[in-house]
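J.: Submitted below is the structure of interest, expressed as structure tokens.
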Amino acid sequence: MDDKTGNELVRRLEETLGKTKYPFYFEQDLLPGAESKGKRTLMKDTSKLRDEMQNARSYCDSIGFRFIRLGDVSLAIIVFAENFSNDELIGRSVLIKSSVDGFGKFSVKTTWNIPVSVNVFFAFASSDRAFAFRNNVQDLCKHTKISFLRTIRVKPWSIDFEGKHVSGPKALLGGLDKEPSEIESKLFAKA
């Protein structure tokens, strides 16, 4: 699988996640002037959020940000995982869990414990790799880190571009349990 194919699949997934009922904002959506191109403004000053997102690019192909419920932070981390081994997929999810703590500072909640939901979208070009991930690894990529100031939940998703299937984690939080079917219908409507 070449980089061009992976980049195209990541771009399609970004576009779809930006058009869901609760849209994610990706780096290009947070640039100054993006609101003039039809995007709503997420917050007044996005420069610190853009910096945090740029730092996150070391462990993912793309990252999106949104607020859910009453101001909780929710991230969409896209990883094109076609050529990853099972151990690399598990390791990537552990690395993500350890690296996203800084996004909690963008929460608009004023409680002592800030929840951060991390949706990791593992994208696969082939059904064989997506099926193997769903059956052998997806549950092992689900993590929770609870500390005094933050609760981080890593929720792995499987995106099968060949089989046109989206598999979300079991027990989605925050009333987002219809999202897998919404993402699947929007992602593969044109295909």
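Quick note on naming: the chains in the structure tokens go A, B, ... in the order shown, residues restart at 1 in each chain, and ligands are numbered from 1 in order of appearance.
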Out of chain A, which residues get helix (DSSP H, G or I) from DSSP, as a PDB file with C-alpha atoms, in the first residue's frame?
T.:
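Final output, part.pdb:
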```pdb
ATOM      1  CA  ASP A   3       1.482   6.572   0.915  1.00  0.00           C
ATOM      2  CA  LYS A   4      -0.763   8.213  -1.668  1.00  0.00           C
ATOM      3  CA  THR A   5      -3.535   5.690  -1.003  1.00  0.00           C
ATOM      4  CA  GLY A   6      -3.147   6.063   2.770  1.00  0.00           C
ATOM      5  CA  ASN A   7      -3.230   9.863   2.536  1.00  0.00           C
ATOM      6  CA  GLU A   8      -6.374   9.747   0.393  1.00  0.00           C
ATOM      7  CA  LEU A   9      -8.162   7.441   2.869  1.00  0.00           C
ATOM      8  CA  VAL A  10      -7.153   9.676   5.789  1.00  0.00           C
ATOM      9  CA  ARG A  11      -8.443  12.741   3.917  1.00  0.00           C
ATOM     10  CA  ARG A  12     -11.794  11.013   3.215  1.00  0.00           C
ATOM     11  CA  LEU A  13     -12.148  10.084   6.873  1.00  0.00           C
ATOM     12  CA  GLU A  14     -11.333  13.666   7.974  1.00  0.00           C
ATOM     13  CA  GLU A  15     -13.961  15.018   5.607  1.00  0.00           C
ATOM     14  CA  THR A  16     -16.571  12.573   6.916  1.00  0.00           C
ATOM     15  CA  LEU A  17     -15.822  13.204  10.601  1.00  0.00           C
ATOM     16  CA  GLU A  27      -6.003  21.330  11.747  1.00  0.00           C
ATOM     17  CA  GLN A  28      -7.060  22.967   8.467  1.00  0.00           C
ATOM     18  CA  ASP A  29     -10.399  23.924  10.063  1.00  0.00           C
ATOM     19  CA  LEU A  30      -8.636  25.840  12.833  1.00  0.00           C
ATOM     20  CA  ALA A  34     -11.520  29.096   8.273  1.00  0.00           C
ATOM     21  CA  GLU A  35     -14.835  30.462   9.562  1.00  0.00           C
ATOM     22  CA  SER A  36     -15.109  32.529   6.380  1.00  0.00           C
ATOM     23  CA  LYS A  37     -15.022  29.267   4.411  1.00  0.00           C
ATOM     24  CA  SER A  47      -3.245  28.917  18.179  1.00  0.00           C
ATOM     25  CA  LYS A  48      -2.500  26.852  21.329  1.00  0.00           C
ATOM     26  CA  LEU A  49      -4.853  24.099  20.170  1.00  0.00           C
ATOM     27  CA  ARG A  50      -3.176  24.066  16.740  1.00  0.00           C
ATOM     28  CA  ASP A  51       0.244  23.776  18.450  1.00  0.00           C
ATOM     29  CA  GLU A  52      -0.971  20.840  20.554  1.00  0.00           C
ATOM     30  CA  MET A  53      -2.400  19.196  17.431  1.00  0.00           C
ATOM     31  CA  GLN A  54       0.862  19.679  15.558  1.00  0.00           C
ATOM     32  CA  ASN A  55       2.751  17.966  18.399  1.00  0.00           C
ATOM     33  CA  ALA A  56       0.304  15.052  18.188  1.00  0.00           C
ATOM     34  CA  ASN A  86      -0.865  -6.323  16.106  1.00  0.00           C
ATOM     35  CA  ASP A  87       1.805  -5.348  18.626  1.00  0.00           C
ATOM     36  CA  GLU A  88       2.357  -2.016  16.876  1.00  0.00           C
ATOM     37  CA  LEU A  89      -1.391  -1.289  16.990  1.00  0.00           C
ATOM     38  CA  ILE A  90      -1.555  -1.979  20.721  1.00  0.00           C
ATOM     39  CA  GLY A  91       1.623   0.026  21.308  1.00  0.00           C
ATOM     40  CA  ARG A  92       0.267   2.959  19.311  1.00  0.00           C
ATOM     41  CA  SER A  93      -2.885   3.046  21.438  1.00  0.00           C
ATOM     42  CA  VAL A  94      -0.804   3.011  24.641  1.00  0.00           C
ATOM     43  CA  LEU A  95       1.370   5.831  23.269  1.00  0.00           C
ATOM     44  CA  ILE A  96      -1.744   7.847  22.436  1.00  0.00           C
ATOM     45  CA  LYS A  97      -3.156   7.332  25.944  1.00  0.00           C
ATOM     46  CA  SER A  98       0.096   8.628  27.413  1.00  0.00           C
ATOM     47  CA  SER A  99       0.345  11.616  25.061  1.00  0.00           C
ATOM     48  CA  ASP A 101      -3.176  14.708  28.538  1.00  0.00           C
ATOM     49  CA  GLY A 102      -2.432  18.246  27.291  1.00  0.00           C
ATOM     50  CA  PHE A 103      -5.743  18.436  25.434  1.00  0.00           C
ATOM     51  CA  GLY A 104      -7.637  18.488  28.737  1.00  0.00           C
ATOM     52  CA  LYS A 105      -6.680  22.118  29.261  1.00  0.00           C
ATOM     53  CA  PHE A 106      -9.025  23.089  26.422  1.00  0.00           C
ATOM     54  CA  SER A 127     -10.816  -6.097   4.725  1.00  0.00           C
ATOM     55  CA  ASP A 128      -8.429  -8.837   5.852  1.00  0.00           C
ATOM     56  CA  ARG A 129      -6.409  -6.450   8.033  1.00  0.00           C
ATOM     57  CA  ALA A 130      -9.548  -4.721   9.364  1.00  0.00           C
ATOM     58  CA  PHE A 131     -11.153  -8.076  10.213  1.00  0.00           C
ATOM     59  CA  ALA A 132      -8.012  -9.280  11.996  1.00  0.00           C
ATOM     60  CA  PHE A 133      -7.888  -6.032  13.972  1.00  0.00           C
ATOM     61  CA  ARG A 134     -11.553  -6.253  15.007  1.00  0.00           C
ATOM     62  CA  ASN A 135     -11.276  -9.876  16.119  1.00  0.00           C
ATOM     63  CA  ASN A 136      -7.816  -9.929  17.713  1.00  0.00           C
ATOM     64  CA  VAL A 137      -6.701  -6.466  18.746  1.00  0.00           C
ATOM     65  CA  GLN A 138      -9.502  -3.892  18.999  1.00  0.00           C
ATOM     66  CA  ASP A 139     -10.415  -4.716  22.625  1.00  0.00           C
ATOM     67  CA  LEU A 140      -6.723  -4.655  23.602  1.00  0.00           C
ATOM     68  CA  CYS A 141      -6.442  -1.093  22.267  1.00  0.00           C
ATOM     69  CA  GLU A 179     -22.117   7.405  15.441  1.00  0.00           C
ATOM     70  CA  PRO A 180     -20.745   4.194  13.839  1.00  0.00           C
ATOM     71  CA  SER A 181     -23.744   3.932  11.502  1.00  0.00           C
ATOM     72  CA  GLU A 182     -23.695   7.687  10.798  1.00  0.00           C
ATOM     73  CA  ILE A 183     -19.994   7.611   9.947  1.00  0.00           C
ATOM     74  CA  GLU A 184     -20.386   4.478   7.825  1.00  0.00           C
ATOM     75  CA  SER A 185     -23.285   5.888   5.798  1.00  0.00           C
ATOM     76  CA  LYS A 186     -21.541   9.221   5.172  1.00  0.00           C
ATOM     77  CA  LEU A 187     -18.103   7.736   4.487  1.00  0.00           C
TER      78      LEU A 187
END
```
J.: Among range 20-154 of chain A, which ones does DSSP place in strand (DSSP E), written as number ranges by chain?
T.: A: 25-26, 62-68, 72-80, 114-124, 143-146, 150-154
J.: Which is closest to Ile77 in chain A among A:Ser107, A:Ser62, A:Thr151, A:Ser167, if we use only C-alpha atoms?
T.: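 That would be A:Ser62, the residue with the smallest distance to Ile77 in chain A.
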J.: Residues at most 12 Å from Asn119 in chain A, counting only C-alpha atoms, excluding those fewer than 4 positions away in the same chain, as a PyMOL selection string?
T.: chain A and resi 17+24+60+62-66+73-79+93+96-97+100+141-143+152-159+167-169+172-173+176+179-180
J.: With C-alpha atoms retained, write the just-selected residues as a PDB file, in the first residue's frame.
T.:
```pdb
ATOM      1  CA  LEU A  17     -15.822  13.204  10.601  1.00  0.00           C
ATOM      2  CA  PHE A  24     -14.663  17.223  14.593  1.00  0.00           C
ATOM      3  CA  CYS A  60      -0.959   9.852  14.141  1.00  0.00           C
ATOM      4  CA  SER A  62      -4.416  13.359  11.524  1.00  0.00           C
ATOM      5  CA  ILE A  63      -6.149  14.681  14.621  1.00  0.00           C
ATOM      6  CA  GLY A  64      -9.517  16.351  15.148  1.00  0.00           C
ATOM      7  CA  PHE A  65     -11.030  18.124  18.143  1.00  0.00           C
ATOM      8  CA  ARG A  66     -14.588  18.763  19.349  1.00  0.00           C
ATOM      9  CA  VAL A  73     -13.018  17.287  25.098  1.00  0.00           C
ATOM     10  CA  SER A  74     -13.316  14.623  22.396  1.00  0.00           C
ATOM     11  CA  LEU A  75     -10.498  13.831  19.979  1.00  0.00           C
ATOM     12  CA  ALA A  76     -10.479  11.982  16.662  1.00  0.00           C
ATOM     13  CA  ILE A  77      -7.075  10.465  16.056  1.00  0.00           C
ATOM     14  CA  ILE A  78      -6.677   8.879  12.626  1.00  0.00           C
ATOM     15  CA  VAL A  79      -4.011   6.239  12.113  1.00  0.00           C
ATOM     16  CA  SER A  93      -2.885   3.046  21.438  1.00  0.00           C
ATOM     17  CA  ILE A  96      -1.744   7.847  22.436  1.00  0.00           C
ATOM     18  CA  LYS A  97      -3.156   7.332  25.944  1.00  0.00           C
ATOM     19  CA  VAL A 100      -3.061  13.324  24.995  1.00  0.00           C
ATOM     20  CA  CYS A 141      -6.442  -1.093  22.267  1.00  0.00           C
ATOM     21  CA  LYS A 142      -9.116   0.215  24.662  1.00  0.00           C
ATOM     22  CA  HIS A 143      -7.534   2.018  27.622  1.00  0.00           C
ATOM     23  CA  ILE A 152      -8.642   9.712  29.561  1.00  0.00           C
ATOM     24  CA  ARG A 153     -10.582   7.060  27.656  1.00  0.00           C
ATOM     25  CA  VAL A 154      -9.038   5.622  24.489  1.00  0.00           C
ATOM     26  CA  LYS A 155     -11.704   4.076  22.261  1.00  0.00           C
ATOM     27  CA  PRO A 156     -10.462   2.181  19.180  1.00  0.00           C
ATOM     28  CA  TRP A 157     -12.457   2.204  15.948  1.00  0.00           C
ATOM     29  CA  SER A 158     -11.937   0.038  12.881  1.00  0.00           C
ATOM     30  CA  ILE A 159     -12.507   1.604   9.459  1.00  0.00           C
ATOM     31  CA  SER A 167     -16.793  -0.814  13.791  1.00  0.00           C
ATOM     32  CA  GLY A 168     -16.958   1.388  16.863  1.00  0.00           C
ATOM     33  CA  PRO A 169     -15.922   0.407  20.366  1.00  0.00           C
ATOM     34  CA  LEU A 172     -19.779   4.317  23.496  1.00  0.00           C
ATOM     35  CA  LEU A 173     -20.090   7.081  26.040  1.00  0.00           C
ATOM     36  CA  LEU A 176     -22.832   8.776  20.747  1.00  0.00           C
ATOM     37  CA  GLU A 179     -22.117   7.405  15.441  1.00  0.00           C
ATOM     38  CA  PRO A 180     -20.745   4.194  13.839  1.00  0.00           C
TER      39      PRO A 180
END
```
J.: Nearest to Thr111 in chain A: which of A:Phe26, A:Phe67, A:Phe148, A:Phe84 is it, counting only C-alpha atoms?
T.: A:Phe148
J.: Expressed in Å to a single decimal, how great is the separation between CA of Arg150 in chain A and CA of Ile114 in chain A?
T.: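 Computing the Euclidean distance for CA of Arg150 in chain A and CA of Ile114 in chain A yields 4.7 Å.
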